[in-house]
Every structure is written in structure tokens, then in C-alpha cells.
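Q: Below you'll find the structure I mean.
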Amino acid sequence: MDDPRAKQANYVLTALDRFAEYGEREAIVSPERSMTYADLCRETLALAAVLRRRGIPAGAAIAILAGNRPETMTVQFAAHLLGCRTVWIAGYTPIREQHDYLARAKTDYFIYDTMFYAERGAELAKLCPDGTVFCLGADGLGPDLLEPLPTDAMGMAALLVDGSAEITALTADVVTAPQSVFYTGGTTGSPKLVLHEHRFFLALLAIGAAWLASGAPALRHLAVTGFQHVSGQMTNLLMLFTGGVVVLRNPMDPATLLEVIEQERIMSTLVTPVQLYNLLDHPATETADLSSLLLLNVGGGPVFPTRLRQAVERFGPRMRMTYGLSEASFITEYRGVPLDPEHPERLRSCGYVFADSRVEIRGEHGAPLPAGEIGEVWTAGSLVMSGYWDDPELTGETLVDGWLRTGDLGYLDSDGFLYLVDRSKDMIVTGLGALNVFSKPVEDALASHPQVRLASVIGVPDAEIGEAVYAYVVTTLDATVTEAELRALVTEELSDYQAPRTVEFVDTLPLTGMGKVDKKALRARHVISAELQ
């Protein structure tokens, strides 16, 4: 009899087949529990059955607020098996943005994690219609999806790892392909909803297959970046698709990170530039056992070349620089960064294209530029988003003939290495978790003070937090407002990480010919000021 799964295109079915082959091998490790690949198969099918039992139909849109735990991954697989659209909520964003995000994403159901987000999840749950809220864990405002599945659910007495009948029962009416929506932002500060359709996950399966075919080893990966981020989701899925082990942890101090690498025999991990700097500056790095580590990936922002040199000297060929964004999760890589005396400038590079990605540097009118000339970075490939959810106008501006306009400025050298020189978007990446800060909300909060006339913020290099929010403020005559008061105002209106580290009071702000604040001039002004100090 034909296997019914052969007639399905859903990537989860292929993944389940791979997981079944891996059997009792370790798959996910967290402080709370560990899972084998057989467990992952069973729990994915069981949770899919629970979703159906609870009345969530195939193809529904499900918003998810969850922490770094194994069940976060199984709920994704279960929902996608049913052809659902998962909408991932970043836990650190202000609640009013999260509420707006849910409304704009047109979600049908909301699932939140009572272990990591009990209070925030409950706040959002109160805004959702009755009967649409579910929990991962007990004591929430909705039924616990992790309770044992009744034996008669879906008419099945048990769920078997390789039971085609059970899969048929779950997916008989599935007519939609799975999708995921992720939260990001833009120069206006308004959230953008990045849509990755089924082809994104199929591409990850293909990349995983190519990795295995190359003879590369399955990795034991330390995952600190949450599943709500495209980068975290992509990396964790690749590890599972290749039979690796995902070791889940929350952000930690350098000493603890080194301990986990040693104790868990970690082979790969991803850190932000700030986390890399903290590792370099911590004395425990000199004596830590890093013999198991093969790849020390760095992403989420630019790295100072001097610090990258120190990292290569300290960690050797393990260093791997990565460049991507929510709209294109992995564009370039620079693996085994060398200290090449013939090309010292490459310490400023983010490498060459990854997998089937393509990169061009284009001028103002979209024409490709020759090597060495600065322009906007355009990219194409299977990891590029399908568009912005329910925003055809913005999608049309950003996706042009299959190419994504990244909004980043850079150039290619004659060997194909990509160099970024600035961001045309006013996004500031700050903090240990590579948190995104957008200018306009901060400027709006500053300008809400009655003694503030104008305000503009930029991101400036900071050795402690990567990039710091730096505010230029023009006040009214005889104003008495202080820097501390403005920082407190932004913290109250938005959050602490979005508050300016420095507020500089100025008489005027430079303007462009169009009457807009000239942020390029502000950045140049800051550089000159820093050099004079």
C-alpha cells in the first residue's frame, strides 16, 4: 500500500522521517529535560492531535509567545504539520506593540508559555477572544496543551512514531502549506511582519541534506537565541534536520557560557558581537576547555576589526562571521577567519555568499555596480522572505524581480567578499541579545516632553553593548529638563534598552535639502567629537 506521506509536500513529514531514522539519539537538551529524536516524533504527533482536539482547525493562524524550551519547537512542528501559520512574538517588545502585532497578523489563536512568560502572556491573553487562548504549562488563562492526550483523541488509542494512519487522521483535511511570520521593524519604527512560506523550510531541509552529503559532522549546538527569531529558528532546525543536538540555554554571563561549552562538549554556538567582546575580556577564556568547539559563529551586528583580530588570535579557525536579517536569514558567511597579511581589510568583511544566496551591489536606480563601489546590498535566494504579511505596497518596494533590497550599504571586492559600511535604515542593534531599537519611537517619546522641541537618535559604537542609543535634543528656551529625566521618560514609555545612553543638548539639528534631519551629518559629528576627546 502506498505511504500516504509520499503524497504530501509538508516539510514536517520529511523531518519526521529523518527523526525516526535517528531514533533514540539525543535531540534536544535543556535544564528542565532532554528529548531523543523518537521523543520528538511522538510529541510532535501528540501535540498536533491535541491542537485538533482543542478545536484548532487545519490552516489556522496561531500566535506563539514562548521561551527557549523543547516544547517551543514541538508546537511549531505540530502546527506546521496541520498547515497552520505560526506568528512568533518577541518577548522583549513593549506590550502595546505585541498587541498591535497580533491584530495586524490576523491571528486566530494565541499560545503562551507559562514558564517564561506567565505575566506577559496573561496580559495579552486578556485581549484575545474567549476560547482562543492556550498555554504551554499549567496555571495560565487557557487550557494546558501539555496535559496528557486522552486515549480517544482523534479516534486513536495511541500515537506511533511511524504510524501512517495517525498522520492521515491528523492531516486529512490539510489543504494549506505551513507558514511563519516574524516581527521586525523599519525606519518608521512601525513593526513589520516578515512572512516566510513553506519554501523557506524546504530550503532548510535541502541545506541540511547538503551538509550531511558533504561529510560534515552532526553538531552539538548551544542555542541561546530564541525560536521567536528567524536566526534562532533557522539554526535550531538545521541542527535537528542533520541529526545534531540542540542544547538550549538562556543568555548567560561569559563564565557560565564557557562552563556550558566545556560540560556539554559544545561544537557550535552563535554569539552577538557584545557577547564575543565579553568572552574576550573574561579571564576564564584563557583556561577554559574549548577543545570540542568547531564553530564560534558571530551575528546580529558588526564587529570591530580590532576585536575580531583578538578573537582570531584567541580562538583560531573556529571564528565564523555571519550576515543576515529577518527578511533573508543567512546571506553571507566568513568561515575560519584568517589573519591574512595580504588582505588585512577582510577583518571588516562579512564574507561571501552562503548556500544558494546571491548578492549584488546596486546604485540608486537599481543598476549593478562594479567591485569596490558602495551601494545598496541586494540579495536573492531560497532563504529570502516571501514578503511582508498583508502589506503588498511595502513588499513591492522591497522585493524587486526576485531580489530583496536589504537597505544596507556596502560593497563587494574583486573576490566576492562583502563589506558593509552603513545601514540606510535607522535601526540600532544593542544589548547582549542583539535587541533592535528603532529611532522614531524613541524620538517620539523624547519629543513628548513639553520642554523638548526636536529630537533625533542614532546608534554609536559602544564596547559594552555593541551599539548605544545616542540622542540629540533641542529644548525650549529656559528649559530645565535633564538627561536623567529624558532617559526615565523613554524607559517608562518604551523600555530600558531603548533609552538613550547619552543625551546631548544642542541648539539646532542639521537638515537635508528635503527638510529632514540629516542623520549622516549627526554620525559624522559624533565621530569628530569622539576623536577630539
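Residue names in the C-alpha cells use chain letters A, B, ... in the order shown, residue numbers from 1 in each chain, and ligand numbers from 1 in the order shown.
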Do you know which residues are at most 10 Å from Gly142 (chain A) counting only C-alpha atoms, after dropping those on the same chain fewer than 2 positions away, and could you put them as a VMD selection string?

A: chain A and resid 110 to 112 122 125 130 to 140 144 to 145

Q: Could you pull out the strand (DSSP E) residues of region 51-212 of chain A from DSSP and send them as a tab-separated table (two decimals) with all heavy atoms, in the first residue's frame?

A:
```tsv
chain	number	residue	atom	x	y	z
A	61	ALA	N	-4.26	30.48	12.05
A	61	ALA	CA	-3.12	31.34	12.37
A	61	ALA	C	-2.93	31.33	13.88
A	61	ALA	O	-3.85	31.70	14.63
A	61	ALA	CB	-3.36	32.75	11.87
A	62	ILE	N	-1.75	30.92	14.34
A	62	ILE	CA	-1.50	30.73	15.77
A	62	ILE	C	-0.35	31.62	16.21
A	62	ILE	O	0.79	31.46	15.75
A	62	ILE	CB	-1.16	29.26	16.09
A	62	ILE	CG1	-2.26	28.32	15.56
A	62	ILE	CG2	-0.96	29.07	17.58
A	62	ILE	CD1	-1.91	26.85	15.70
A	63	ALA	N	-0.63	32.56	17.10
A	63	ALA	CA	0.42	33.39	17.67
A	63	ALA	C	1.06	32.64	18.83
A	63	ALA	O	0.37	31.99	19.62
A	63	ALA	CB	-0.15	34.71	18.16
A	64	ILE	N	2.39	32.76	18.95
A	64	ILE	CA	3.11	32.00	19.97
A	64	ILE	C	4.08	32.93	20.70
A	64	ILE	O	4.88	33.63	20.08
A	64	ILE	CB	3.91	30.83	19.34
A	64	ILE	CG1	2.96	29.90	18.58
A	64	ILE	CG2	4.67	30.06	20.41
A	64	ILE	CD1	3.68	28.84	17.74
A	65	LEU	N	3.96	32.94	22.03
A	65	LEU	CA	4.90	33.64	22.91
A	65	LEU	C	5.51	32.58	23.80
A	65	LEU	O	4.87	32.09	24.74
A	65	LEU	CB	4.17	34.70	23.74
A	65	LEU	CG	4.99	35.43	24.80
A	65	LEU	CD1	6.10	36.26	24.16
A	65	LEU	CD2	4.09	36.32	25.66
A	85	ARG	N	-0.34	28.71	10.14
A	85	ARG	CA	0.60	29.84	10.09
A	85	ARG	C	0.96	30.21	11.53
A	85	ARG	O	0.10	30.58	12.32
A	85	ARG	CB	-0.02	31.03	9.37
A	85	ARG	CG	0.80	32.32	9.46
A	85	ARG	CD	0.34	33.34	8.41
A	85	ARG	NE	-1.10	33.52	8.40
A	85	ARG	CZ	-1.76	34.42	9.14
A	85	ARG	NH1	-1.09	35.19	9.98
A	85	ARG	NH2	-3.07	34.55	9.04
A	86	THR	N	2.24	30.08	11.88
A	86	THR	CA	2.68	30.45	13.22
A	86	THR	C	3.17	31.90	13.19
A	86	THR	O	3.88	32.31	12.26
A	86	THR	CB	3.80	29.53	13.72
A	86	THR	OG1	4.85	29.48	12.75
A	86	THR	CG2	3.28	28.13	13.95
A	87	VAL	N	2.78	32.65	14.20
A	87	VAL	CA	3.13	34.06	14.32
A	87	VAL	C	3.94	34.21	15.60
A	87	VAL	O	3.41	34.05	16.70
A	87	VAL	CB	1.87	34.94	14.35
A	87	VAL	CG1	2.24	36.40	14.54
A	87	VAL	CG2	1.04	34.75	13.08
A	88	TRP	N	5.23	34.51	15.46
A	88	TRP	CA	6.14	34.48	16.60
A	88	TRP	C	6.26	35.86	17.24
A	88	TRP	O	6.57	36.84	16.56
A	88	TRP	CB	7.51	33.95	16.17
A	88	TRP	CG	7.40	32.51	15.82
A	88	TRP	CD1	7.15	31.97	14.59
A	88	TRP	CD2	7.46	31.41	16.72
A	88	TRP	NE1	7.07	30.60	14.68
A	88	TRP	CE2	7.26	30.23	15.97
A	88	TRP	CE3	7.69	31.31	18.10
A	88	TRP	CZ2	7.27	28.96	16.55
A	88	TRP	CZ3	7.70	30.04	18.68
A	88	TRP	CH2	7.50	28.89	17.91
A	109	TYR	N	-5.64	32.20	17.09
A	109	TYR	CA	-5.40	31.62	18.41
A	109	TYR	C	-4.10	32.17	18.98
A	109	TYR	O	-3.23	32.62	18.24
A	109	TYR	CB	-5.34	30.09	18.33
A	109	TYR	CG	-6.63	29.47	17.84
A	109	TYR	CD1	-6.82	29.24	16.48
A	109	TYR	CD2	-7.65	29.15	18.73
A	109	TYR	CE1	-8.02	28.69	16.01
A	109	TYR	CE2	-8.84	28.60	18.27
A	109	TYR	CZ	-9.02	28.37	16.92
A	109	TYR	OH	-10.19	27.85	16.46
A	110	PHE	N	-3.99	32.10	20.31
A	110	PHE	CA	-2.80	32.59	21.00
A	110	PHE	C	-2.34	31.52	21.98
A	110	PHE	O	-3.12	31.04	22.81
A	110	PHE	CB	-3.13	33.89	21.74
A	110	PHE	CG	-2.03	34.40	22.63
A	110	PHE	CD1	-0.72	34.50	22.18
A	110	PHE	CD2	-2.31	34.78	23.94
A	110	PHE	CE1	0.30	34.97	23.01
A	110	PHE	CE2	-1.29	35.26	24.77
A	110	PHE	CZ	0.00	35.35	24.31
A	111	ILE	N	-1.08	31.12	21.87
A	111	ILE	CA	-0.46	30.16	22.79
A	111	ILE	C	0.67	30.86	23.52
A	111	ILE	O	1.53	31.47	22.88
A	111	ILE	CB	0.09	28.94	22.03
A	111	ILE	CG1	-1.05	28.18	21.32
A	111	ILE	CG2	0.83	28.00	22.98
A	111	ILE	CD1	-0.56	27.05	20.42
A	112	TYR	N	0.66	30.78	24.85
A	112	TYR	CA	1.78	31.37	25.58
A	112	TYR	C	2.35	30.40	26.60
A	112	TYR	O	1.69	29.48	27.07
A	112	TYR	CB	1.39	32.70	26.22
A	112	TYR	CG	0.52	32.65	27.46
A	112	TYR	CD1	1.08	32.63	28.74
A	112	TYR	CD2	-0.87	32.66	27.36
A	112	TYR	CE1	0.28	32.63	29.87
A	112	TYR	CE2	-1.68	32.66	28.49
A	112	TYR	CZ	-1.10	32.64	29.75
A	112	TYR	OH	-1.89	32.63	30.87
A	113	ASP	N	3.60	30.64	26.92
A	113	ASP	CA	4.42	29.79	27.77
A	113	ASP	C	4.34	30.29	29.21
A	113	ASP	O	4.78	31.39	29.52
A	113	ASP	CB	5.85	29.85	27.22
A	113	ASP	CG	6.86	29.08	28.03
A	113	ASP	OD1	6.50	28.50	29.06
A	113	ASP	OD2	8.04	29.07	27.62
A	133	VAL	N	-7.35	31.11	23.61
A	133	VAL	CA	-6.08	31.16	24.33
A	133	VAL	C	-5.74	29.77	24.87
A	133	VAL	O	-6.59	29.10	25.47
A	133	VAL	CB	-6.15	32.16	25.50
A	133	VAL	CG1	-4.85	32.14	26.30
A	133	VAL	CG2	-6.44	33.57	24.97
A	134	PHE	N	-4.49	29.37	24.65
A	134	PHE	CA	-3.98	28.09	25.15
A	134	PHE	C	-2.60	28.32	25.75
A	134	PHE	O	-1.95	29.33	25.48
A	134	PHE	CB	-3.91	27.05	24.03
A	134	PHE	CG	-5.25	26.76	23.41
A	134	PHE	CD1	-5.68	27.47	22.30
A	134	PHE	CD2	-6.08	25.79	23.95
A	134	PHE	CE1	-6.91	27.22	21.73
A	134	PHE	CE2	-7.32	25.53	23.38
A	134	PHE	CZ	-7.74	26.25	22.28
A	135	CYS	N	-2.19	27.39	26.58
A	135	CYS	CA	-0.93	27.57	27.31
A	135	CYS	C	-0.01	26.38	27.11
A	135	CYS	O	-0.46	25.24	26.90
A	135	CYS	CB	-1.20	27.75	28.80
A	135	CYS	SG	-2.14	29.24	29.19
A	136	LEU	N	1.29	26.66	27.19
A	136	LEU	CA	2.30	25.62	27.33
A	136	LEU	C	2.65	25.60	28.82
A	136	LEU	O	3.45	26.40	29.30
A	136	LEU	CB	3.54	25.93	26.49
A	136	LEU	CG	3.34	25.95	24.97
A	136	LEU	CD1	4.65	26.32	24.27
A	136	LEU	CD2	2.83	24.60	24.47
A	179	GLN	N	3.32	28.19	7.19
A	179	GLN	CA	3.99	29.48	7.07
A	179	GLN	C	4.40	29.95	8.46
A	179	GLN	O	3.86	29.50	9.46
A	179	GLN	CB	3.07	30.54	6.45
A	179	GLN	CG	2.50	30.24	5.10
A	179	GLN	CD	1.49	31.29	4.66
A	179	GLN	OE1	0.91	31.99	5.49
A	179	GLN	NE2	1.28	31.42	3.35
A	180	SER	N	5.34	30.89	8.50
A	180	SER	CA	5.69	31.54	9.76
A	180	SER	C	5.83	33.04	9.53
A	180	SER	O	6.32	33.48	8.48
A	180	SER	CB	7.00	30.99	10.34
A	180	SER	OG	6.79	29.75	10.96
A	181	VAL	N	5.40	33.82	10.51
A	181	VAL	CA	5.52	35.27	10.48
A	181	VAL	C	6.39	35.69	11.65
A	181	VAL	O	6.20	35.23	12.78
A	181	VAL	CB	4.14	35.95	10.57
A	181	VAL	CG1	4.29	37.47	10.68
A	181	VAL	CG2	3.30	35.60	9.34
A	182	PHE	N	7.35	36.57	11.37
A	182	PHE	CA	8.26	37.07	12.39
A	182	PHE	C	8.17	38.59	12.47
A	182	PHE	O	7.90	39.26	11.48
A	182	PHE	CB	9.70	36.66	12.08
A	182	PHE	CG	9.91	35.17	12.01
A	182	PHE	CD1	9.76	34.49	10.82
A	182	PHE	CD2	10.26	34.45	13.13
A	182	PHE	CE1	9.94	33.12	10.73
A	182	PHE	CE2	10.44	33.09	13.08
A	182	PHE	CZ	10.29	32.42	11.87
A	183	TYR	N	8.45	39.08	13.65
A	183	TYR	CA	8.37	40.52	13.92
A	183	TYR	C	9.71	41.17	13.63
A	183	TYR	O	10.76	40.69	14.05
A	183	TYR	CB	8.02	40.68	15.40
A	183	TYR	CG	7.98	42.08	15.96
A	183	TYR	CD1	6.76	42.70	16.19
A	183	TYR	CD2	9.14	42.76	16.32
A	183	TYR	CE1	6.70	43.97	16.74
A	183	TYR	CE2	9.08	44.02	16.88
A	183	TYR	CZ	7.85	44.62	17.09
A	183	TYR	OH	7.81	45.87	17.65
A	184	THR	N	9.67	42.26	12.90
A	184	THR	CA	10.87	43.08	12.74
A	184	THR	C	10.38	44.51	12.63
A	184	THR	O	9.23	44.80	12.86
A	184	THR	CB	11.70	42.66	11.51
A	184	THR	OG1	12.91	43.42	11.49
A	184	THR	CG2	10.95	42.88	10.21
A	185	GLY	N	11.26	45.45	12.30
A	185	GLY	CA	10.85	46.85	12.25
A	185	GLY	C	11.54	47.58	11.13
A	185	GLY	O	12.33	47.02	10.37
A	191	PRO	N	6.20	48.17	13.45
A	191	PRO	CA	6.58	46.77	13.26
A	191	PRO	C	6.27	46.30	11.85
A	191	PRO	O	5.26	46.68	11.26
A	191	PRO	CB	5.73	46.03	14.29
A	191	PRO	CG	5.35	47.05	15.29
A	191	PRO	CD	5.24	48.35	14.54
A	192	LYS	N	7.17	45.48	11.31
A	192	LYS	CA	6.93	44.84	10.02
A	192	LYS	C	6.78	43.35	10.27
A	192	LYS	O	7.42	42.79	11.15
A	192	LYS	CB	8.08	45.12	9.06
A	192	LYS	CG	8.19	46.58	8.65
A	192	LYS	CD	9.26	46.78	7.59
A	192	LYS	CE	10.63	46.50	8.15
A	192	LYS	NZ	11.71	46.83	7.18
A	193	LEU	N	5.94	42.74	9.52
A	193	LEU	CA	5.64	41.33	9.69
A	193	LEU	C	6.24	40.55	8.53
A	193	LEU	O	5.73	40.57	7.42
A	193	LEU	CB	4.12	41.11	9.76
A	193	LEU	CG	3.42	41.45	11.07
A	193	LEU	CD1	3.60	42.91	11.46
A	193	LEU	CD2	1.93	41.13	10.98
A	194	VAL	N	7.35	39.89	8.80
A	194	VAL	CA	8.08	39.16	7.77
A	194	VAL	C	7.48	37.77	7.59
A	194	VAL	O	7.38	37.00	8.56
A	194	VAL	CB	9.57	39.05	8.15
A	194	VAL	CG1	10.31	38.15	7.17
A	194	VAL	CG2	10.20	40.43	8.18
A	195	LEU	N	7.08	37.46	6.37
A	195	LEU	CA	6.45	36.18	6.08
A	195	LEU	C	7.44	35.25	5.38
A	195	LEU	O	8.00	35.57	4.34
A	195	LEU	CB	5.24	36.39	5.17
A	195	LEU	CG	4.57	35.12	4.62
A	195	LEU	CD1	3.95	34.31	5.75
A	195	LEU	CD2	3.51	35.48	3.57
A	196	HIS	N	7.66	34.09	6.00
A	196	HIS	CA	8.43	33.02	5.37
A	196	HIS	C	7.47	31.87	5.10
A	196	HIS	O	6.88	31.30	6.03
A	196	HIS	CB	9.58	32.56	6.26
A	196	HIS	CG	10.75	33.50	6.24
A	196	HIS	ND1	11.62	33.58	5.19
A	196	HIS	CD2	11.18	34.40	7.16
A	196	HIS	CE1	12.55	34.49	5.45
A	196	HIS	NE2	12.30	35.02	6.63
```

Q: My list of candidates is A:Leu124, A:Ala60, A:Ala78, A:Leu294. Which is closest to Arg42 (chain A) when distances are computed with only C-alpha atoms?

A: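 Of A:Leu124, A:Ala60, A:Ala78, A:Leu294, the one nearest Arg42 (chain A) is A:Ala78, counting only C-alpha atoms.
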
Q: Taking the DSSP secondary structure from the backbone, can you list the residues of region 144-354 of chain A that are helix (DSSP H, G or I), as a PyMOL selection string?

A: chain A and resi 153-155+164-171+198-213+230-241+254-263+273-281+283-286+305-318+344-348

Q: CA of Thr225 (chain A) to CA of Leu258 (chain A): how many Å, to one decimal?

A: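 Going from CA of Thr225 (chain A) over to CA of Leu258 (chain A), I get 16.3 Å.
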
Q: To one decimal place in Å, what is the distance between CA of Pro254 (chain A) and CA of Ala284 (chain A)?

A: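 Here the two named atoms are 8.1 Å from each other.
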
Q: Show me, as a ChimeraX atom specification, the residues that have an atom within 8 Å of Met73 (chain A) when counting only C-alpha atoms, minus same-chain residues fewer than 4 positions from it.

A: /A:69,77,227

Q: Those residues with N, CA and C atoms, as a tab-separated table (two decimals), in the first residue's frame please?

A:
```tsv
chain	number	residue	atom	x	y	z
A	69	ARG	N	12.68	26.54	25.17
A	69	ARG	CA	12.38	25.23	25.75
A	69	ARG	C	12.03	24.25	24.63
A	77	PHE	N	6.41	22.36	15.00
A	77	PHE	CA	6.24	21.20	14.12
A	77	PHE	C	4.78	20.76	14.07
A	227	PHE	N	13.59	30.85	19.66
A	227	PHE	CA	12.93	30.37	18.46
A	227	PHE	C	12.06	31.45	17.83
```

Q: So which residues touch region 313-318 of chain A within 7 Å, counting only C-alpha atoms, skipping near sequence neighbours fewer than 5 positions away, as number ranges by chain?

A: A: 294-296, 336-338

Q: I need the residue nearest Pro31 (chain A) from this list: A:Lys519, A:Arg265, A:His365, A:Arg249. Use only C-alpha atoms for the distance.

A: A:Arg249

Q: Do a neighbour search on region 200-210 of chain A at 10 Å with only C-alpha atoms, toss out local chain neighbours closer than 3 positions, and write the hits as a PyMOL selection string.

A: chain A and resi 9-12+14-15+178-180+195-197+213-216+218+234-235+237-243+328-329+355-356+381-386

Q: So how far away is CA of His526 (chain A) from CA of Thr475 (chain A), in Å?

A: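 Answer for the CA of Thr475 (chain A) to CA of His526 (chain A) separation: 19.3 Å.
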
Q: My list of candidates is A:Asp462, A:Glu493, A:Glu147, A:Glu166. Which is closest to Val442 (chain A) when distances are computed with only C-alpha atoms?

A: A:Glu493

Q: Looking at A:Leu146, A:Leu82, A:Leu339, A:Leu446, which one is nearest to Thr491 (chain A), with distances taken over only C-alpha atoms?

A: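 Smallest separation from Thr491 (chain A) among the options: A:Leu446.
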
Q: Taking 4 positions as the minimum chain separation for residues in the same chain, which residues sit within 12 Å of Gly23 (chain A) when counting only C-alpha atoms? Answer as a list in words.

A: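 The residues satisfying every condition are Leu16, Asp17, Arg18, Phe19, Ala27, Met35, Thr36, Tyr37, Ala38, Asp39, Leu40, Cys41, Arg42, Val161, Asp162 and Gly243 of chain A.
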